[in-house]
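Read the structure below first, then the notes.
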Amino acid sequence: MKDAMIQTPANLRHLLSDATTRLRAAGIEAPQREARLLAAHAAGTDLAGLLRIDVLPPGSHDTFMQILQRRLDHEPMAYITGHTGFWSLDMVVSPATLIPRADTETLVEAVMDHLPDRNAPLHVLDIGTGTGCLLLAVLAEYPQATGIGTDLNPDAAHLAARNAARNGLSARCDMLCCNWADGITGPFDLILSNPPYIPHADLNGLMPEVVRHEPARALDGGEDGLVAYRALATIVHDLLAPGGIGVLELGIGQDHSVPALMHNGGLQVLEIRPDLGGIGRALVVKK
């Protein structure tokens, strides 16, 4: 009798209402939408498909309750579903890497404006590639381009390779496990990086989803948040081809300090492009 009650349409509505209340109490933004996303994932459909479901498929109720608890613990939705969108691509994610964010798409926009020839045979390096999202988005837009993604974490490099295969781009890139660009020789027409840039003392003040679940190594930029940029200034200068550009992601308030580091490394700042929130996000440099 209890199982029969679970499978009624009224009970599905009740589950969504109860989940929304619990998510709101836990401080989750857009709790109603989050509840529906969880239910759709448990049922093996999307939000549009959920509208056509009168009863949860067998086994979906238990799955729903399990993933609801994970979300109540502030585990990011992308880790629960196992994938997220970035640019025009669908990316597999895992706790080995940061979850790709819309702000990072600002770097892809900057690349396309500064390198307008979409058929250029670019040679691209993505340092700290994570999921591979930046490199793969660029390769998707430049069909003659090839590239290398590097990551210190072997699990991240493996995940990036999976994403290359998932998006049909494996033939044009290699994902390597190394520190920064150790052992790699240029030159490269484009160097990308979304490095760790959060000052160490600020880490615990980030959202619970980030603090509890995303890899600290990919966030921690050292005492002042600039450790990675000091290394990148030299690497970008040494590996850029004549006429090439570097495009680096910036954190909040770093649009003043990082350009000075690049200048000291022999690089010229071409642009600091803001994201949709008005924060200087994409730093474009050349030799």
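Identifiers in this document derive from the order of the structure tokens: chains are assigned A, B, ..., residues are numbered from 1 separately in each chain, and ligands are numbered from 1 in order of occurrence.
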
Got a sec to tell me which of segment 54-229 of chain A DSSP assigns to helix (DSSP H, G or I), as a ChimeraX atom specification?
/A:60-72,77-81,102-114,133-141,154-166,170-172,200-205,208-213,216-218,227-229

Quick one: everything within 12 Å of Met65 of chain A, counting only C-alpha atoms, minus sequence neighbours fewer than 5 positions away in the same chain. Send it as a PDB file with C-alpha atoms, in the first residue's frame.
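New file result28.pdb:
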ATOM      1  CA  ILE A   6       4.347   6.757  -3.606  1.00  0.00           C
ATOM      2  CA  LEU A  12       4.780  13.269  -6.920  1.00  0.00           C
ATOM      3  CA  LEU A  15       7.385  15.183  -3.065  1.00  0.00           C
ATOM      4  CA  LEU A  16       8.233  18.240  -5.149  1.00  0.00           C
ATOM      5  CA  ASP A  18       8.241  19.010   0.299  1.00  0.00           C
ATOM      6  CA  ALA A  19      11.624  19.021  -1.473  1.00  0.00           C
ATOM      7  CA  ARG A  22      13.525  21.628   2.463  1.00  0.00           C
ATOM      8  CA  ALA A  35      13.542  20.173  -6.859  1.00  0.00           C
ATOM      9  CA  LEU A  38      16.385  16.482  -9.147  1.00  0.00           C
ATOM     10  CA  ALA A  39      13.091  14.761  -9.918  1.00  0.00           C
ATOM     11  CA  HIS A  41      17.234  13.371 -13.122  1.00  0.00           C
ATOM     12  CA  ALA A  42      15.834  10.628 -10.899  1.00  0.00           C
ATOM     13  CA  ALA A  43      13.207   9.829 -13.520  1.00  0.00           C
ATOM     14  CA  GLY A  59      12.875   2.933  -8.247  1.00  0.00           C
ATOM     15  CA  SER A  60      12.857   6.662  -8.948  1.00  0.00           C
ATOM     16  CA  ARG A  70      23.060  15.251  -1.451  1.00  0.00           C
ATOM     17  CA  ARG A  71      21.741  18.614  -2.643  1.00  0.00           C
ATOM     18  CA  LEU A  72      20.634  19.510   0.893  1.00  0.00           C
TER      19      LEU A  72
END

Would you list the contacts of Gln268 of chain A as a PyMOL selection string, taking every protein, DNA or RNA residue within 9 Å and counting only C-alpha atoms, but skipping same-chain residues closer than 4 positions in sequence?
chain A and resi 259+262-263+284-287

I need the chosen residues saved as a PDB file, in the first residue's frame, with C-alpha atoms.
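Ended up saving to result09.pdb:
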ATOM      1  CA  PRO A 259      48.322  43.252 -15.554  1.00  0.00           C
ATOM      2  CA  MET A 262      52.226  40.463 -16.962  1.00  0.00           C
ATOM      3  CA  HIS A 263      53.995  43.726 -17.833  1.00  0.00           C
ATOM      4  CA  VAL A 284      44.242  39.277 -23.091  1.00  0.00           C
ATOM      5  CA  VAL A 285      48.013  39.689 -23.508  1.00  0.00           C
ATOM      6  CA  LYS A 286      50.704  39.452 -26.175  1.00  0.00           C
ATOM      7  CA  LYS A 287      54.485  39.742 -26.222  1.00  0.00           C
TER       8      LYS A 287
END

Residues of segment 54-282 of chain A in strand (DSSP E or B) according to DSSP, as JSON, numbers by chain?
{"A": [83, 84, 85, 86, 89, 90, 91, 92, 123, 124, 125, 126, 127, 146, 147, 148, 149, 150, 151, 173, 174, 175, 176, 177, 188, 189, 190, 191, 192, 193, 198, 220, 240, 241, 242, 243, 244, 245, 246, 247, 248, 249, 268, 269, 270, 271, 272, 273, 274, 280, 281, 282]}

I'd like the neighbourhood of Cys133 of chain A as an mmCIF file with C-alpha atoms, in the first residue's frame, where a residue qualifies if any of its atoms comes within 12 Å (using only C-alpha atoms), though same-chain residues fewer than 3 positions away should be ignored.
data_model
loop_
_atom_site.group_PDB
_atom_site.id
_atom_site.type_symbol
_atom_site.label_atom_id
_atom_site.label_comp_id
_atom_site.auth_asym_id
_atom_site.auth_seq_id
_atom_site.Cartn_x
_atom_site.Cartn_y
_atom_site.Cartn_z
ATOM 1 C CA HIS A 83 27.569 16.779 -16.388
ATOM 2 C CA THR A 84 27.011 20.443 -17.211
ATOM 3 C CA GLY A 85 26.898 22.692 -20.241
ATOM 4 C CA PHE A 86 29.716 25.008 -21.277
ATOM 5 C CA TRP A 87 29.639 27.113 -24.433
ATOM 6 C CA SER A 88 28.105 24.754 -27.014
ATOM 7 C CA LEU A 89 29.397 21.591 -25.338
ATOM 8 C CA ASP A 90 28.166 19.077 -22.774
ATOM 9 C CA MET A 91 30.907 18.388 -20.234
ATOM 10 C CA VAL A 92 31.297 15.462 -17.858
ATOM 11 C CA VAL A 93 32.283 16.717 -14.397
ATOM 12 C CA THR A 97 37.844 19.405 -11.229
ATOM 13 C CA LEU A 98 36.073 22.698 -10.820
ATOM 14 C CA ILE A 99 32.657 22.889 -12.425
ATOM 15 C CA PRO A 100 32.755 25.031 -15.592
ATOM 16 C CA ARG A 101 31.015 28.365 -15.074
ATOM 17 C CA ALA A 102 29.340 30.803 -17.428
ATOM 18 C CA THR A 104 34.603 31.552 -17.997
ATOM 19 C CA GLU A 105 32.848 31.708 -21.370
ATOM 20 C CA LEU A 107 37.481 34.000 -22.311
ATOM 21 C CA VAL A 108 36.126 32.176 -25.363
ATOM 22 C CA ASP A 126 45.410 25.301 -22.054
ATOM 23 C CA ILE A 127 47.282 25.326 -18.725
ATOM 24 C CA GLY A 128 45.345 23.789 -15.837
ATOM 25 C CA THR A 129 42.706 22.451 -18.178
ATOM 26 C CA GLY A 130 40.418 20.825 -15.576
ATOM 27 C CA LEU A 136 37.493 22.187 -26.234
ATOM 28 C CA ALA A 137 35.258 25.240 -26.687
ATOM 29 C CA VAL A 138 37.999 26.923 -28.725
ATOM 30 C CA LEU A 139 38.611 23.805 -30.824
ATOM 31 C CA ALA A 140 34.872 23.580 -31.517
ATOM 32 C CA GLY A 149 45.612 20.658 -22.228
ATOM 33 C CA ALA A 156 41.475 15.837 -14.202
ATOM 34 C CA ALA A 157 43.601 15.097 -17.271
ATOM 35 C CA LEU A 159 38.370 13.605 -17.379
ATOM 36 C CA ALA A 160 39.413 16.215 -19.955
ATOM 37 C CA ALA A 161 40.288 13.390 -22.360
ATOM 38 C CA ARG A 162 36.831 11.898 -21.780
ATOM 39 C CA ASN A 163 35.254 15.236 -22.606
ATOM 40 C CA ALA A 164 37.303 15.541 -25.768
ATOM 41 C CA ARG A 166 32.433 13.006 -25.759
ATOM 42 C CA ASN A 167 32.443 16.095 -27.966
ATOM 43 C CA LEU A 169 37.443 16.477 -30.532
ATOM 44 C CA MET A 175 45.439 16.024 -22.449
ATOM 45 C CA LEU A 192 44.640 29.786 -22.179
ATOM 46 C CA SER A 193 44.443 29.419 -18.429
ATOM 47 C CA ASN A 194 41.853 29.615 -15.668
#

Can you tell me how far atom CA of Phe64 of chain A sits from atom CA of Arg36 of chain A, in Å to one decimal?
10.1 Å

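Using only C-alpha atoms, the contacts of Ala120 of chain A at a cut-off of 10 Å, with sequence neighbours closer than 4 positions omitted, comprise Leu115, Pro116, Tyr142, Pro143, Gln144, Ala145 and Asp189 of chain A.
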
One number please: atom CA of Gly186 of chain A to atom CA of Asp238 of chain A, in Å, one decimal.
8.0 Å

Taking 2 positions as the minimum chain separation for residues in the same chain, which residues sit within 6 Å of segment 217-230 of chain A when counting only C-alpha atoms? Answer as a PDB file with N, CA, C and O atoms, in the first residue's frame.
ATOM      1  N   PRO A 196      44.192  28.856 -10.353  1.00  0.00           N
ATOM      2  CA  PRO A 196      43.717  29.130  -8.987  1.00  0.00           C
ATOM      3  C   PRO A 196      43.996  30.593  -8.640  1.00  0.00           C
ATOM      4  O   PRO A 196      45.133  31.053  -8.782  1.00  0.00           O
ATOM      5  N   TYR A 197      42.957  31.325  -8.185  1.00  0.00           N
ATOM      6  CA  TYR A 197      43.188  32.748  -7.920  1.00  0.00           C
ATOM      7  C   TYR A 197      42.499  33.268  -6.657  1.00  0.00           C
ATOM      8  O   TYR A 197      42.474  34.470  -6.408  1.00  0.00           O
ATOM      9  N   ILE A 198      41.948  32.387  -5.835  1.00  0.00           N
ATOM     10  CA  ILE A 198      41.320  32.841  -4.598  1.00  0.00           C
ATOM     11  C   ILE A 198      42.386  32.981  -3.513  1.00  0.00           C
ATOM     12  O   ILE A 198      43.128  32.024  -3.252  1.00  0.00           O
ATOM     13  N   PRO A 199      42.523  34.156  -2.882  1.00  0.00           N
ATOM     14  CA  PRO A 199      43.460  34.264  -1.755  1.00  0.00           C
ATOM     15  C   PRO A 199      43.139  33.222  -0.688  1.00  0.00           C
ATOM     16  O   PRO A 199      41.966  32.967  -0.387  1.00  0.00           O
ATOM     17  N   HIS A 200      44.170  32.618  -0.153  1.00  0.00           N
ATOM     18  CA  HIS A 200      43.983  31.493   0.775  1.00  0.00           C
ATOM     19  C   HIS A 200      43.030  31.834   1.918  1.00  0.00           C
ATOM     20  O   HIS A 200      42.167  31.021   2.279  1.00  0.00           O
ATOM     21  N   PRO A 215      37.490  21.055  -5.638  1.00  0.00           N
ATOM     22  CA  PRO A 215      38.875  20.816  -5.205  1.00  0.00           C
ATOM     23  C   PRO A 215      39.603  22.103  -4.806  1.00  0.00           C
ATOM     24  O   PRO A 215      39.729  23.031  -5.618  1.00  0.00           O
ATOM     25  N   LEU A 232      52.654  32.082 -14.579  1.00  0.00           N
ATOM     26  CA  LEU A 232      52.109  32.159 -15.939  1.00  0.00           C
ATOM     27  C   LEU A 232      52.727  33.278 -16.756  1.00  0.00           C
ATOM     28  O   LEU A 232      52.864  33.151 -17.975  1.00  0.00           O
ATOM     29  N   ALA A 233      53.113  34.374 -16.115  1.00  0.00           N
ATOM     30  CA  ALA A 233      53.720  35.479 -16.862  1.00  0.00           C
ATOM     31  C   ALA A 233      54.942  34.996 -17.631  1.00  0.00           C
ATOM     32  O   ALA A 233      55.125  35.317 -18.818  1.00  0.00           O
TER      33      ALA A 233
END

Do a neighbour search on Gln254 of chain A at 10 Å with only C-alpha atoms, toss out local chain neighbours closer than 2 positions, and write the hits as a PyMOL selection string.
chain A and resi 197+225-226+249-252+256-259+279-281+283

Write out the residues from the selection above, keeping N, CA, C and O atoms, as a short mmCIF file (atom, residue, chain, number, x, y, z; two decimals), in the first residue's frame.
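The resulting result.cif:
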data_model
loop_
_atom_site.label_atom_id
_atom_site.label_comp_id
_atom_site.auth_asym_id
_atom_site.auth_seq_id
_atom_site.Cartn_x
_atom_site.Cartn_y
_atom_site.Cartn_z
N TYR A 197 42.96 31.32 -8.18
CA TYR A 197 43.19 32.75 -7.92
C TYR A 197 42.50 33.27 -6.66
O TYR A 197 42.47 34.47 -6.41
N GLY A 225 46.58 35.41 -3.74
CA GLY A 225 45.81 34.99 -4.90
C GLY A 225 46.55 35.11 -6.22
O GLY A 225 45.97 34.83 -7.28
N LEU A 226 47.84 35.47 -6.18
CA LEU A 226 48.57 35.79 -7.41
C LEU A 226 49.69 34.81 -7.73
O LEU A 226 50.42 35.01 -8.70
N GLU A 249 41.95 33.90 -17.12
CA GLU A 249 40.82 34.31 -16.29
C GLU A 249 41.33 35.04 -15.05
O GLU A 249 42.34 34.67 -14.45
N LEU A 250 40.58 36.07 -14.65
CA LEU A 250 40.88 36.86 -13.46
C LEU A 250 39.80 36.68 -12.41
O LEU A 250 38.63 36.45 -12.74
N GLY A 251 40.19 36.84 -11.14
CA GLY A 251 39.24 36.88 -10.06
C GLY A 251 38.82 38.31 -9.78
O GLY A 251 39.35 39.27 -10.35
N ILE A 252 37.87 38.47 -8.88
CA ILE A 252 37.36 39.79 -8.53
C ILE A 252 38.49 40.68 -7.99
O ILE A 252 39.23 40.27 -7.09
N HIS A 256 43.73 44.90 -11.69
CA HIS A 256 44.78 45.89 -11.50
C HIS A 256 46.13 45.21 -11.20
O HIS A 256 47.15 45.61 -11.75
N SER A 257 46.12 44.21 -10.35
CA SER A 257 47.37 43.58 -9.93
C SER A 257 47.96 42.65 -10.99
O SER A 257 49.17 42.65 -11.22
N VAL A 258 47.13 41.86 -11.65
CA VAL A 258 47.65 40.89 -12.62
C VAL A 258 48.27 41.55 -13.85
O VAL A 258 49.34 41.13 -14.31
N PRO A 259 47.66 42.59 -14.42
CA PRO A 259 48.32 43.25 -15.55
C PRO A 259 49.73 43.73 -15.24
O PRO A 259 50.62 43.66 -16.10
N ILE A 279 32.46 42.27 -13.99
CA ILE A 279 33.75 42.00 -13.35
C ILE A 279 34.80 41.74 -14.43
O ILE A 279 34.55 40.96 -15.36
N GLY A 280 35.96 42.40 -14.33
CA GLY A 280 37.03 42.15 -15.27
C GLY A 280 37.43 40.68 -15.21
O GLY A 280 38.01 40.25 -14.23
N ARG A 281 37.15 39.91 -16.25
CA ARG A 281 37.26 38.45 -16.19
C ARG A 281 38.30 37.87 -17.13
O ARG A 281 39.01 36.93 -16.77
N LEU A 283 41.67 38.45 -19.27
CA LEU A 283 42.85 39.27 -19.54
C LEU A 283 43.51 38.77 -20.82
O LEU A 283 43.89 37.60 -20.90
#

Provide the atom CA of Cys177 of chain A to atom CA of Val210 of chain A distance in Å, to one decimal place.
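Answer for the atom CA of Cys177 of chain A to atom CA of Val210 of chain A separation: 23.7 Å.
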
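Among the candidates A:Leu206, A:Leu239, A:Ala25, A:Ala165, the residue lying nearest to Trp180 of chain A is A:Leu239 (atoms considered: only C-alpha atoms).
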